[in-house]
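Okay, structure_10.cif now, which holds mmCIF, C-alpha atoms:
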```
data_final
#
loop_
_atom_site.label_atom_id
_atom_site.label_comp_id
_atom_site.auth_asym_id
_atom_site.auth_seq_id
_atom_site.Cartn_x
_atom_site.Cartn_y
_atom_site.Cartn_z
CA MET J 1 -32.23 7.47 -12.89
CA GLU J 2 -33.50 8.49 -9.49
CA GLU J 3 -32.15 11.76 -8.30
CA PRO J 4 -33.18 11.36 -4.65
CA VAL J 5 -30.45 9.70 -2.65
CA ASP J 6 -30.89 5.96 -2.26
CA THR J 7 -30.24 4.18 1.02
CA ALA J 8 -26.85 2.80 0.02
CA THR J 9 -25.58 6.26 -0.88
CA ALA J 10 -27.15 7.89 2.18
CA ILE J 11 -25.20 5.44 4.35
CA LEU J 12 -21.94 6.36 2.63
CA ALA J 13 -22.60 10.08 2.88
CA SER J 14 -23.25 9.71 6.61
CA ALA J 15 -20.14 7.59 7.08
CA ALA J 16 -18.14 10.34 5.39
CA VAL J 17 -19.60 12.88 7.83
CA LEU J 18 -18.62 10.68 10.78
CA LEU J 19 -15.11 10.30 9.35
CA ARG J 20 -14.53 13.97 10.10
CA GLU J 21 -14.50 13.26 13.82
CA ARG J 22 -13.39 9.63 14.17
CA THR J 23 -11.46 6.93 12.34
CA PHE J 24 -13.15 4.32 10.19
CA ASP J 25 -12.60 1.68 12.90
CA ASP J 26 -14.54 3.80 15.38
CA ILE J 27 -17.60 4.11 13.17
CA SER J 28 -19.91 1.36 14.38
CA TYR J 29 -22.87 0.16 12.33
CA ARG J 30 -24.95 1.27 15.28
CA ALA J 31 -23.71 4.86 15.18
CA LEU J 32 -24.05 4.88 11.42
CA ALA J 33 -27.66 3.67 11.63
CA ASP J 34 -28.48 6.45 14.09
CA GLU J 35 -26.84 9.04 11.86
CA VAL J 36 -28.81 7.95 8.79
CA GLY J 37 -32.00 7.32 10.73
CA ILE J 38 -32.42 3.70 9.62
CA SER J 39 -32.05 0.34 11.32
CA GLU J 40 -28.74 -1.38 11.78
CA ARG J 41 -30.17 -4.32 9.87
CA THR J 42 -30.63 -2.17 6.77
CA ILE J 43 -26.95 -1.29 6.85
CA TYR J 44 -25.97 -4.94 7.12
CA ARG J 45 -28.18 -5.67 4.15
CA GLN J 46 -26.31 -3.11 2.05
CA TYR J 47 -22.85 -3.80 3.44
CA PRO J 48 -22.65 -7.29 4.93
CA THR J 49 -19.12 -6.80 6.31
CA ARG J 50 -16.93 -3.85 7.20
CA PRO J 51 -14.62 -4.48 4.24
CA HIS J 52 -17.69 -4.08 1.98
CA LEU J 53 -18.46 -0.78 3.66
CA LEU J 54 -14.84 0.35 3.41
CA ALA J 55 -14.64 -0.45 -0.30
CA ALA J 56 -17.92 1.30 -1.10
CA LEU J 57 -17.04 4.31 1.05
CA SER J 58 -13.71 4.66 -0.67
CA ASN J 59 -15.35 4.59 -4.11
CA TRP J 60 -17.87 7.20 -3.04
CA ILE J 61 -15.18 9.47 -1.58
CA GLU J 62 -13.09 9.04 -4.71
CA GLN J 63 -15.93 10.13 -6.96
CA THR J 64 -17.18 12.91 -4.74
CA CYS J 65 -13.98 14.44 -3.36
CA PHE J 66 -11.06 13.31 -5.47
CA PRO J 67 -12.19 13.25 -9.10
CA LEU J 68 -9.22 12.51 -11.31
CA PRO J 69 -8.55 15.23 -13.88
CA PRO J 70 -8.44 13.66 -17.35
CA PHE J 71 -5.00 13.28 -18.91
CA VAL J 72 -3.56 12.18 -22.22
CA THR J 73 0.09 13.22 -22.17
CA VAL J 74 2.69 12.42 -19.55
CA SER J 75 2.86 16.02 -18.39
CA ASP J 76 -0.94 16.10 -17.97
CA PHE J 77 -0.61 12.89 -15.99
CA ARG J 78 1.94 14.48 -13.67
CA ALA J 79 -0.27 17.52 -13.20
CA ALA J 80 -3.33 15.36 -12.49
CA VAL J 81 -1.49 13.33 -9.85
CA HIS J 82 -0.07 16.47 -8.24
CA GLU J 83 -3.57 17.85 -7.97
CA ARG J 84 -4.76 14.65 -6.33
CA PHE J 85 -1.92 14.56 -3.82
CA ARG J 86 -2.72 18.15 -2.86
CA ALA J 87 -6.39 17.21 -2.47
CA PHE J 88 -5.37 14.23 -0.32
CA ASP J 89 -3.30 16.52 1.87
CA ALA J 90 -6.30 18.78 2.36
CA SER J 91 -8.53 15.84 3.45
CA PRO J 92 -6.18 13.30 5.00
CA ALA J 93 -8.89 11.26 6.73
CA TYR J 94 -10.63 10.67 3.42
CA ALA J 95 -7.41 9.90 1.59
CA HIS J 96 -6.40 7.34 4.20
CA VAL J 97 -9.70 5.53 3.65
CA GLY J 98 -8.80 5.31 -0.03
CA ALA J 99 -5.30 4.02 0.71
CA ARG J 100 -6.66 1.45 3.11
CA ALA J 101 -9.46 0.29 0.82
CA SER J 102 -6.95 -0.28 -1.97
CA ALA J 103 -5.01 -2.63 0.33
CA ILE J 104 -7.80 -4.96 1.44
CA SER J 105 -8.67 -8.26 -0.08
CA PRO J 106 -11.19 -7.36 -2.81
CA THR J 107 -14.78 -7.89 -1.65
CA LEU J 108 -16.51 -7.47 -4.98
CA ASP J 109 -15.42 -8.23 -8.49
CA THR J 110 -13.29 -5.11 -8.50
CA GLU J 111 -12.60 -3.51 -11.82
CA PRO J 112 -9.23 -1.85 -12.23
CA ALA J 113 -9.43 1.78 -11.17
CA TYR J 114 -10.07 4.45 -13.78
CA ILE J 115 -6.54 5.79 -13.34
CA THR J 116 -5.11 2.39 -14.31
CA ARG J 117 -6.94 2.43 -17.63
CA ALA J 118 -5.98 6.06 -18.21
CA ILE J 119 -2.30 5.29 -17.67
CA GLU J 120 -2.49 2.37 -20.11
CA ALA J 121 -4.19 4.57 -22.70
CA MET J 122 -1.54 7.25 -22.20
CA LEU J 123 1.22 4.71 -22.85
CA ASP J 124 -0.51 3.48 -26.00
CA VAL J 125 -0.31 6.98 -27.42
CA ALA J 126 3.11 7.98 -26.11
CA ALA J 127 4.94 4.73 -26.86
CA PRO J 128 2.97 2.75 -29.44
CA THR J 129 5.84 0.40 -30.31
CA LEU J 130 6.70 -0.53 -26.75
CA ASN J 131 6.77 -4.30 -26.17
CA ARG J 132 4.10 -5.82 -24.00
CA ARG J 133 6.22 -6.64 -20.97
CA ASP J 134 7.83 -3.22 -20.74
CA ARG J 135 4.45 -1.59 -21.19
CA ARG J 136 3.06 -3.48 -18.21
CA ARG J 137 6.10 -2.76 -16.08
CA VAL J 138 5.90 0.93 -16.85
CA ALA J 139 2.13 1.10 -16.39
CA ALA J 140 2.27 -0.80 -13.08
CA SER J 141 5.10 1.36 -11.75
CA LEU J 142 3.42 4.64 -12.73
CA ARG J 143 0.15 3.41 -11.28
CA TYR J 144 1.72 2.47 -7.97
CA PHE J 145 3.64 5.73 -7.60
CA SER J 146 0.47 7.72 -8.30
CA SER J 147 -1.60 5.83 -5.73
CA ALA J 148 -3.17 6.93 -2.47
CA MET J 149 -0.84 4.35 -0.89
CA PHE J 150 2.21 6.33 -2.05
CA TRP J 151 0.76 9.51 -0.60
CA ALA J 152 -0.15 7.74 2.68
CA ARG J 153 3.24 6.08 3.05
CA LEU J 154 5.14 9.31 2.47
CA ARG J 155 2.89 11.32 4.71
CA THR J 156 2.78 8.88 7.61
CA GLY J 157 6.14 7.14 7.27
CA PHE J 158 8.23 10.09 6.10
CA ASP J 159 6.27 13.07 7.40
CA LEU J 160 6.25 14.77 4.00
CA ASP J 161 3.81 17.43 2.82
CA ALA J 162 2.06 17.49 -0.56
CA ALA J 163 4.82 19.49 -2.30
CA GLU J 164 7.52 17.06 -1.14
CA ILE J 165 5.38 14.08 -2.09
CA CYS J 166 4.84 15.53 -5.58
CA ASP J 167 8.59 15.98 -5.85
CA ALA J 168 9.27 12.35 -4.87
CA PHE J 169 6.60 11.28 -7.34
CA ASP J 170 8.27 13.24 -10.16
CA HIS J 171 11.63 11.63 -9.36
CA ALA J 172 10.02 8.18 -9.50
CA VAL J 173 8.27 8.92 -12.81
CA ASP J 174 11.55 10.20 -14.29
CA SER J 175 13.35 7.02 -13.21
CA VAL J 176 10.70 4.77 -14.75
CA LEU J 177 10.48 6.66 -18.04
CA ALA J 178 14.27 6.80 -18.36
CA LYS J 179 14.20 3.00 -18.76
CA LEU J 180 12.42 3.31 -22.08
CA PRO J 181 13.88 3.52 -25.57
CA SER J 182 14.38 7.04 -26.82
CA SER J 183 11.90 6.46 -29.65
CA ALA J 184 9.05 6.94 -27.21
CA THR J 185 7.55 10.38 -27.60
CA TRP J 186 7.56 11.48 -23.99
CA ALA J 187 6.33 14.92 -23.28
CA ARG J 188 9.13 16.03 -21.03
CA PRO J 189 8.16 18.72 -18.57
CA MET A 1 17.81 -0.40 14.58
CA GLY A 2 19.41 -3.59 13.36
CA ALA A 3 17.07 -5.82 11.38
CA ALA A 4 14.87 -4.51 8.60
CA VAL A 5 11.76 -4.95 10.74
CA THR A 6 11.88 -4.89 14.51
CA VAL A 7 9.22 -6.55 16.63
CA PRO A 8 9.00 -6.28 20.38
CA GLU A 9 9.91 -9.42 22.35
CA LEU A 10 6.88 -11.65 22.49
CA SER A 11 5.94 -14.04 25.29
CA GLY A 12 5.18 -17.63 24.38
CA THR A 13 1.51 -16.93 24.98
CA GLN A 14 1.54 -13.90 22.71
CA GLU A 15 3.24 -15.81 19.97
CA ALA A 16 0.65 -18.59 20.28
CA ILE A 17 -2.15 -16.01 20.00
CA LEU A 18 -0.67 -14.32 16.93
CA ALA A 19 0.06 -17.62 15.20
CA ALA A 20 -3.47 -18.84 15.91
CA PHE A 21 -4.98 -15.63 14.56
CA ALA A 22 -2.81 -15.76 11.44
CA GLU A 23 -3.92 -19.35 10.83
CA LEU A 24 -7.57 -18.38 11.21
CA ILE A 25 -7.17 -15.39 8.89
CA GLU A 26 -6.00 -17.76 6.19
CA GLU A 27 -8.97 -20.03 6.81
CA VAL A 28 -11.85 -17.57 7.18
CA GLY A 29 -10.58 -14.00 6.68
CA SER A 30 -9.75 -11.39 9.33
CA ASP A 31 -13.23 -10.00 9.76
CA ASP A 32 -15.03 -13.01 11.12
CA VAL A 33 -12.61 -14.30 13.73
CA SER A 34 -13.78 -13.84 17.32
CA TYR A 35 -11.53 -13.75 20.38
CA ARG A 36 -13.24 -16.92 21.55
CA VAL A 37 -12.23 -18.81 18.42
CA ILE A 38 -8.67 -17.48 18.62
CA ALA A 39 -8.42 -18.55 22.26
CA ARG A 40 -9.67 -22.02 21.46
CA ARG A 41 -7.19 -22.39 18.59
CA ALA A 42 -4.31 -21.20 20.78
CA GLY A 43 -5.41 -23.47 23.62
CA ILE A 44 -5.78 -20.69 26.18
CA ALA A 45 -8.53 -18.76 27.94
CA GLU A 46 -10.33 -15.98 26.10
CA ARG A 47 -9.49 -13.72 29.05
CA THR A 48 -5.79 -14.20 28.32
CA VAL A 49 -6.25 -12.96 24.75
CA PHE A 50 -8.02 -9.83 26.04
CA ARG A 51 -5.34 -9.23 28.63
CA ASN A 52 -2.61 -9.26 25.99
CA TYR A 53 -4.55 -7.50 23.23
CA PRO A 54 -7.34 -5.36 24.69
CA THR A 55 -8.75 -4.28 21.31
CA ARG A 56 -9.00 -5.78 17.86
CA VAL A 57 -6.79 -3.03 16.49
CA ASP A 58 -4.08 -3.98 19.03
CA LEU A 59 -4.39 -7.59 17.98
CA LEU A 60 -4.32 -6.79 14.28
CA LEU A 61 -1.25 -4.55 14.52
CA ALA A 62 0.65 -7.11 16.55
CA THR A 63 -0.32 -9.89 14.17
CA ALA A 64 0.70 -7.91 11.09
CA ALA A 65 4.08 -7.07 12.66
CA TRP A 66 4.60 -10.70 13.59
CA ILE A 67 3.72 -11.90 10.07
CA GLU A 68 6.14 -9.37 8.53
CA ALA A 69 8.94 -10.40 10.87
CA THR A 70 8.48 -14.16 10.51
CA LEU A 71 6.61 -15.39 7.43
CA PHE A 72 7.59 -12.42 5.24
CA ALA A 73 11.08 -11.83 6.66
CA ARG A 74 13.65 -10.65 4.15
CA GLU A 75 17.23 -11.64 3.84
CA GLU A 76 19.19 -8.58 4.83
CA SER A 77 20.63 -6.67 1.87
CA HIS A 78 24.29 -5.68 2.16
CA SER A 79 24.14 -3.15 -0.64
CA ILE A 80 21.44 -0.78 -1.82
CA PHE A 81 21.93 -2.41 -5.23
CA ASP A 82 20.84 -5.77 -3.76
CA VAL A 83 17.44 -4.37 -2.80
CA PRO A 84 15.75 -5.40 -6.08
CA LEU A 85 16.65 -9.01 -5.30
CA ALA A 86 15.11 -8.76 -1.85
CA ILE A 87 12.00 -7.20 -3.38
CA ARG A 88 11.70 -10.02 -5.91
CA ASP A 89 11.84 -12.61 -3.12
CA ALA A 90 9.41 -10.71 -0.96
CA MET A 91 6.81 -10.56 -3.75
CA GLN A 92 6.98 -14.32 -4.13
CA ARG A 93 6.47 -14.79 -0.43
CA TYR A 94 3.45 -12.49 -0.42
CA ASP A 95 1.96 -14.36 -3.33
CA ALA A 96 2.19 -17.64 -1.46
CA ARG A 97 0.10 -16.25 1.45
CA PRO A 98 -2.41 -13.87 -0.15
CA GLU A 99 -4.77 -13.45 2.81
CA LEU A 100 -1.93 -12.58 5.17
CA ALA A 101 -0.41 -10.25 2.60
CA HIS A 102 -3.66 -8.26 2.44
CA VAL A 103 -3.82 -7.99 6.22
CA VAL A 104 -0.27 -6.65 6.39
CA ALA A 105 -0.96 -4.23 3.55
CA GLU A 106 -4.06 -2.88 5.21
CA THR A 107 -2.49 -2.35 8.63
CA ALA A 108 0.26 -0.26 7.05
CA MET A 109 -2.39 2.02 5.52
CA ARG A 110 -4.42 2.85 8.61
CA GLY A 111 -2.87 6.25 9.16
CA VAL A 112 -2.35 7.30 12.76
CA SER A 113 -3.80 4.12 14.23
CA GLY A 114 -1.79 1.92 11.89
CA ALA A 115 1.54 0.18 11.59
CA ALA A 116 4.62 2.08 10.45
CA PRO A 117 4.15 2.20 6.68
CA SER A 118 7.89 2.11 5.91
CA PRO A 119 9.57 -0.42 8.18
CA SER A 120 12.54 -0.78 5.84
CA ARG A 121 13.31 2.94 5.76
CA ALA A 122 16.13 2.99 8.34
CA GLN A 123 17.96 0.13 6.70
CA LEU A 124 17.66 1.66 3.22
CA GLU A 125 19.01 4.95 4.52
CA ARG A 126 22.00 3.23 6.09
CA LEU A 127 22.86 1.39 2.87
CA LEU A 128 22.39 4.44 0.67
CA ASP A 129 24.44 6.73 2.91
CA ALA A 130 27.30 4.22 2.99
CA GLU A 131 27.44 3.70 -0.75
CA VAL A 132 26.12 6.91 -2.29
CA PRO A 133 26.78 9.67 0.24
CA SER A 134 26.86 12.53 -2.27
CA LEU A 135 23.13 12.86 -2.94
CA ASP A 136 21.39 16.08 -1.97
CA ALA A 137 18.56 15.89 0.53
CA ALA A 138 15.74 15.84 -2.03
CA GLN A 139 17.38 13.16 -4.18
CA ARG A 140 18.14 11.01 -1.17
CA ARG A 141 14.58 11.33 0.06
CA ALA A 142 13.16 10.49 -3.36
CA VAL A 143 15.28 7.34 -3.74
CA ILE A 144 14.50 6.10 -0.22
CA ALA A 145 10.79 6.85 -0.62
CA ALA A 146 10.56 5.05 -3.96
CA LEU A 147 12.48 1.97 -2.80
CA SER A 148 10.63 1.77 0.46
CA HIS A 149 7.32 2.01 -1.40
CA LEU A 150 8.35 -0.77 -3.79
CA ASP A 151 9.73 -2.93 -0.98
CA SER A 152 6.31 -3.37 0.57
CA VAL A 153 3.29 -5.60 0.26
CA GLY A 154 1.36 -2.72 -1.30
CA THR A 155 3.26 -3.43 -4.52
CA TRP A 156 2.02 -6.99 -4.61
CA VAL A 157 -1.56 -5.94 -3.84
CA THR A 158 -1.63 -3.20 -6.48
CA PHE A 159 0.05 -5.12 -9.30
CA ARG A 160 -2.21 -8.07 -8.73
CA ARG A 161 -5.43 -6.18 -8.33
CA GLU A 162 -4.99 -3.49 -10.95
CA PHE A 163 -3.14 -5.50 -13.59
CA GLY A 164 -4.10 -9.09 -12.83
CA MET A 165 -0.41 -10.06 -12.69
CA ASP A 166 0.68 -13.46 -11.45
CA ARG A 167 3.55 -14.22 -9.09
CA ARG A 168 6.27 -14.14 -11.72
CA ASP A 169 5.08 -10.94 -13.33
CA ILE A 170 4.73 -9.14 -10.01
CA ALA A 171 8.21 -10.15 -8.87
CA ASP A 172 9.64 -9.12 -12.23
CA ALA A 173 7.89 -5.75 -12.45
CA ALA A 174 8.65 -4.80 -8.83
CA ALA A 175 12.36 -5.63 -9.20
CA TRP A 176 12.44 -3.83 -12.56
CA ALA A 177 10.99 -0.67 -11.01
CA ALA A 178 13.54 -0.82 -8.20
CA GLU A 179 16.35 -1.13 -10.77
CA ALA A 180 14.92 1.89 -12.55
CA VAL A 181 15.11 3.89 -9.33
CA LEU A 182 18.69 2.73 -8.76
CA ASP A 183 19.70 3.67 -12.31
CA SER A 184 19.50 7.30 -11.26
CA ILE A 185 22.31 6.82 -8.71
CA ARG A 186 24.43 4.09 -10.32
CA ASP A 187 27.16 6.51 -11.40
CA ARG A 188 27.27 8.24 -8.01
CA VAL A 189 28.73 5.41 -5.93
CA ALA A 190 31.61 6.49 -3.68
CA PRO A 191 34.88 4.52 -3.94
CA GLN A 192 35.08 1.80 -1.28
CA ARG A 193 37.53 2.68 1.48
CA ASP A 194 37.05 -0.21 3.88
CA GLY A 195 39.16 -2.60 1.80
CA LEU A 196 36.30 -5.10 1.48
CA ALA A 197 35.73 -4.54 -2.20
CA SER A 198 39.27 -3.66 -3.26
CA GLY A 199 41.61 -6.59 -3.62
CA ASN A 200 44.86 -4.85 -2.77
CA GLY A 201 47.10 -7.90 -2.53
#
```
Go ahead and render the structure in this file as structure tokens.
Amino acid sequence: MEEPVDTATAILASAAVLLRERTFDDISYRALADEVGISERTIYRQYPTRPHLLAALSNWIEQTCFPLPPFVTVSDFRAAVHERFRAFDASPAYAHVGARASAISPTLDTEPAYITRAIEAMLDVAAPTLNRRDRRRVAASLRYFSSAMFWARLRTGFDLDAAEICDAFDHAVDSVLAKLPSSATWARP
Amino acid sequence: MGAAVTVPELSGTQEAILAAFAELIEEVGSDDVSYRVIARRAGIAERTVFRNYPTRVDLLLATAAWIEATLFAREESHSIFDVPLAIRDAMQRYDARPELAHVVAETAMRGVSGAAPSPSRAQLERLLDAEVPSLDAAQRRAVIAALSHLDSVGTWVTFRREFGMDRRDIADAAAWAAEAVLDSIRDRVAPQRDGLASGNG
């Protein structure tokens, strides 16, 4: 484990700095190379196309700025997502990079995001007898309503702030969970 | 605001450019297509492409809007309770053109320099207000936001990428989620007064 920052990470850190003053589209490889103090060719070697850079930058931002609080119960899940939406609202430029990266055609063999696995694990505990199809429908719906895309759509398309977005999220979660048999042990808020 | 998605009138040249770009996106991806190649495919001068779409972002936004309005066009829903059907169809259309679906998804997520992320919002509001006018502001907003989120290509992208779902499963899960959202307002429908639904003869 090397503690000193490697080139790939240094590029991402510099891209994040540039994101404070311009959009991702306006960050050229040239400007990025100057910022890091390396050659443009080195950047191309790390990130052969802009979608590669976007995907890596989004991962880095996610880990550095928007760590997901762990959750086990449904109410912890709600709280974790609320916290994220508030963090997105505080750094909209970063959050939009995440929303956009989650929309592009995958460049690498992308693993499902951590939050996807956490939602599935939560369902296993809260509703162990749920049939497979319903489990996937519920997991997919909860995942999609907790995404950066949901935040971005409501902020840009509906002009909502974090509190209103959290409220819309709670409504959506209620609707999805109401579809389930009452035997599921949901931690109601 | 009539149709679900409105696109500005396009000239024949513009339509040729957008169609050529969409074709090339499906062949090689959106990142590698130069204006020169687009011009050649459309059978026009490169200068003409630049005159119509000065930047790549301009071109991308116009292309995404054109794809939404043509290849991914929805049948208009006449009731808010028909929306799950429209969503099911839309998911199948996205699945048939994956590269184009990703391009449309990404342009809607560009923030200020992007496409409107909720093109179906106005139509959903009209349907909901006609059929379920008694919702309070927060409820109304929550229902519209959830349906508009589900009625978008982001659903297809997320379900496929995060859960490895195929076409059938995506269409099913998206429509199911929309039904779940509608369940919360099913018992709030106002009686029809326009005589369309009531057979009074």
On this file, the PyMOL selection byres ((chain J and resi 171) around 12) gives some set of residues; write that set as a PyMOL selection string. (chain J and resi 78+142+145-146+164-170+172-178) or (chain A and resi 138-147+180-185)
What gap, in Å, lies between atom CA of Ala16 of chain J and atom CA of Ala31 of chain J?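 Between these atoms lies a distance of 12.5 Å.
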State, in Å with one decimal place, the distance from atom CA of Thr55 of chain A to atom CA of Arg155 of chain J.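 Computed distance, atom CA of Thr55 of chain A to atom CA of Arg155 of chain J, equals 25.6 Å.
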If we count only C-alpha atoms, which residues of chain A reach to within 9 Å of chain J? Please list them as a PyMOL selection string. chain A and resi 31-32+57+98-99+101-113+116-119+121+138-139+141-143+145-146+148-150+153-155+157-159+161-164+169-170+172-174+176-177+180-184
Same residues, C-alpha atoms, saved as an mmCIF file, in the frame of the given file:
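Written file, out.cif:
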```cif
data_model
loop_
_atom_site.group_PDB
_atom_site.id
_atom_site.type_symbol
_atom_site.label_atom_id
_atom_site.label_comp_id
_atom_site.auth_asym_id
_atom_site.auth_seq_id
_atom_site.Cartn_x
_atom_site.Cartn_y
_atom_site.Cartn_z
ATOM 1 C CA ASP A 31 -13.230 -10.000 9.760
ATOM 2 C CA ASP A 32 -15.030 -13.010 11.120
ATOM 3 C CA VAL A 57 -6.790 -3.030 16.490
ATOM 4 C CA PRO A 98 -2.410 -13.870 -0.150
ATOM 5 C CA GLU A 99 -4.770 -13.450 2.810
ATOM 6 C CA ALA A 101 -0.410 -10.250 2.600
ATOM 7 C CA HIS A 102 -3.660 -8.260 2.440
ATOM 8 C CA VAL A 103 -3.820 -7.990 6.220
ATOM 9 C CA VAL A 104 -0.270 -6.650 6.390
ATOM 10 C CA ALA A 105 -0.960 -4.230 3.550
ATOM 11 C CA GLU A 106 -4.060 -2.880 5.210
ATOM 12 C CA THR A 107 -2.490 -2.350 8.630
ATOM 13 C CA ALA A 108 0.260 -0.260 7.050
ATOM 14 C CA MET A 109 -2.390 2.020 5.520
ATOM 15 C CA ARG A 110 -4.420 2.850 8.610
ATOM 16 C CA GLY A 111 -2.870 6.250 9.160
ATOM 17 C CA VAL A 112 -2.350 7.300 12.760
ATOM 18 C CA SER A 113 -3.800 4.120 14.230
ATOM 19 C CA ALA A 116 4.620 2.080 10.450
ATOM 20 C CA PRO A 117 4.150 2.200 6.680
ATOM 21 C CA SER A 118 7.890 2.110 5.910
ATOM 22 C CA PRO A 119 9.570 -0.420 8.180
ATOM 23 C CA ARG A 121 13.310 2.940 5.760
ATOM 24 C CA ALA A 138 15.740 15.840 -2.030
ATOM 25 C CA GLN A 139 17.380 13.160 -4.180
ATOM 26 C CA ARG A 141 14.580 11.330 0.060
ATOM 27 C CA ALA A 142 13.160 10.490 -3.360
ATOM 28 C CA VAL A 143 15.280 7.340 -3.740
ATOM 29 C CA ALA A 145 10.790 6.850 -0.620
ATOM 30 C CA ALA A 146 10.560 5.050 -3.960
ATOM 31 C CA SER A 148 10.630 1.770 0.460
ATOM 32 C CA HIS A 149 7.320 2.010 -1.400
ATOM 33 C CA LEU A 150 8.350 -0.770 -3.790
ATOM 34 C CA VAL A 153 3.290 -5.600 0.260
ATOM 35 C CA GLY A 154 1.360 -2.720 -1.300
ATOM 36 C CA THR A 155 3.260 -3.430 -4.520
ATOM 37 C CA VAL A 157 -1.560 -5.940 -3.840
ATOM 38 C CA THR A 158 -1.630 -3.200 -6.480
ATOM 39 C CA PHE A 159 0.050 -5.120 -9.300
ATOM 40 C CA ARG A 161 -5.430 -6.180 -8.330
ATOM 41 C CA GLU A 162 -4.990 -3.490 -10.950
ATOM 42 C CA PHE A 163 -3.140 -5.500 -13.590
ATOM 43 C CA GLY A 164 -4.100 -9.090 -12.830
ATOM 44 C CA ASP A 169 5.080 -10.940 -13.330
ATOM 45 C CA ILE A 170 4.730 -9.140 -10.010
ATOM 46 C CA ASP A 172 9.640 -9.120 -12.230
ATOM 47 C CA ALA A 173 7.890 -5.750 -12.450
ATOM 48 C CA ALA A 174 8.650 -4.800 -8.830
ATOM 49 C CA TRP A 176 12.440 -3.830 -12.560
ATOM 50 C CA ALA A 177 10.990 -0.670 -11.010
ATOM 51 C CA ALA A 180 14.920 1.890 -12.550
ATOM 52 C CA VAL A 181 15.110 3.890 -9.330
ATOM 53 C CA LEU A 182 18.690 2.730 -8.760
ATOM 54 C CA ASP A 183 19.700 3.670 -12.310
ATOM 55 C CA SER A 184 19.500 7.300 -11.260
#
```
Just give me the gap between atom CA of Leu61 of chain A and atom CA of Pro84 of chain A in Å, one decimal is fine.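 Computing the Euclidean distance for atom CA of Leu61 of chain A and atom CA of Pro84 of chain A yields 26.7 Å.
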Evaluate the PyMOL selection byres ((chain J and resi 62-76) around 8) and record the selected residues as JSON, numbers by chain, following the chain and residue labels used in the document. {"J": [58, 59, 60, 61, 77, 78, 79, 80, 81, 84, 87, 88, 98, 115, 118, 121, 122, 126, 186, 187, 188, 189]}
Translate the PyMOL selection byres ((chain A and resi 92) around 9), as applied to the file shown, into an explicit residue set as a ChimeraX atom specification. /A:87-91,93-96,156,167-168,170-171
Residue nearest Ala65 of chain A among A:Leu127, A:Glu46, A:Ala115, A:Pro191 (counting only C-alpha atoms):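 The closest residue to Ala65 of chain A is A:Ala115.
Around the coordinate (-13.1, -11.8, 18.2), residues that reach within 10 Å when counting all atoms listed in the file are Phe21, Ser30, Asp31, Asp32, Val33, Ser34, Tyr35, Arg36, Val37, Ile38, Ala39, Glu46, Val49, Phe50, Thr55, Arg56 and Leu59 of chain A.
Take the candidates A:Met165, A:Ser152, A:Ala22, A:Arg51 and check each one against Ala73 of chain A using all atoms listed in the file; the shortest distance goes to A:Ser152.
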Pick the closest to Ser120 of chain A from A:Ala86, A:Ile67, A:Ala62, A:Ile44: which is it, counting all atoms listed in the file? A:Ala86
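You can rank A:Arg74, A:Leu124, A:Ala69, A:Ala64 by their closest distance to Ile25 of chain A using all atoms listed in the file, and at the top of that list sits A:Ala64.
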Give me the residues near segment 17-21 of chain J as a PyMOL selection string, where near means some atom within 9 Å (using all atoms listed in the file) and where sequence neighbours in that chain fewer than 3 positions away do not count. chain J and resi 12-14+24+26-27+31-32+35+93-94
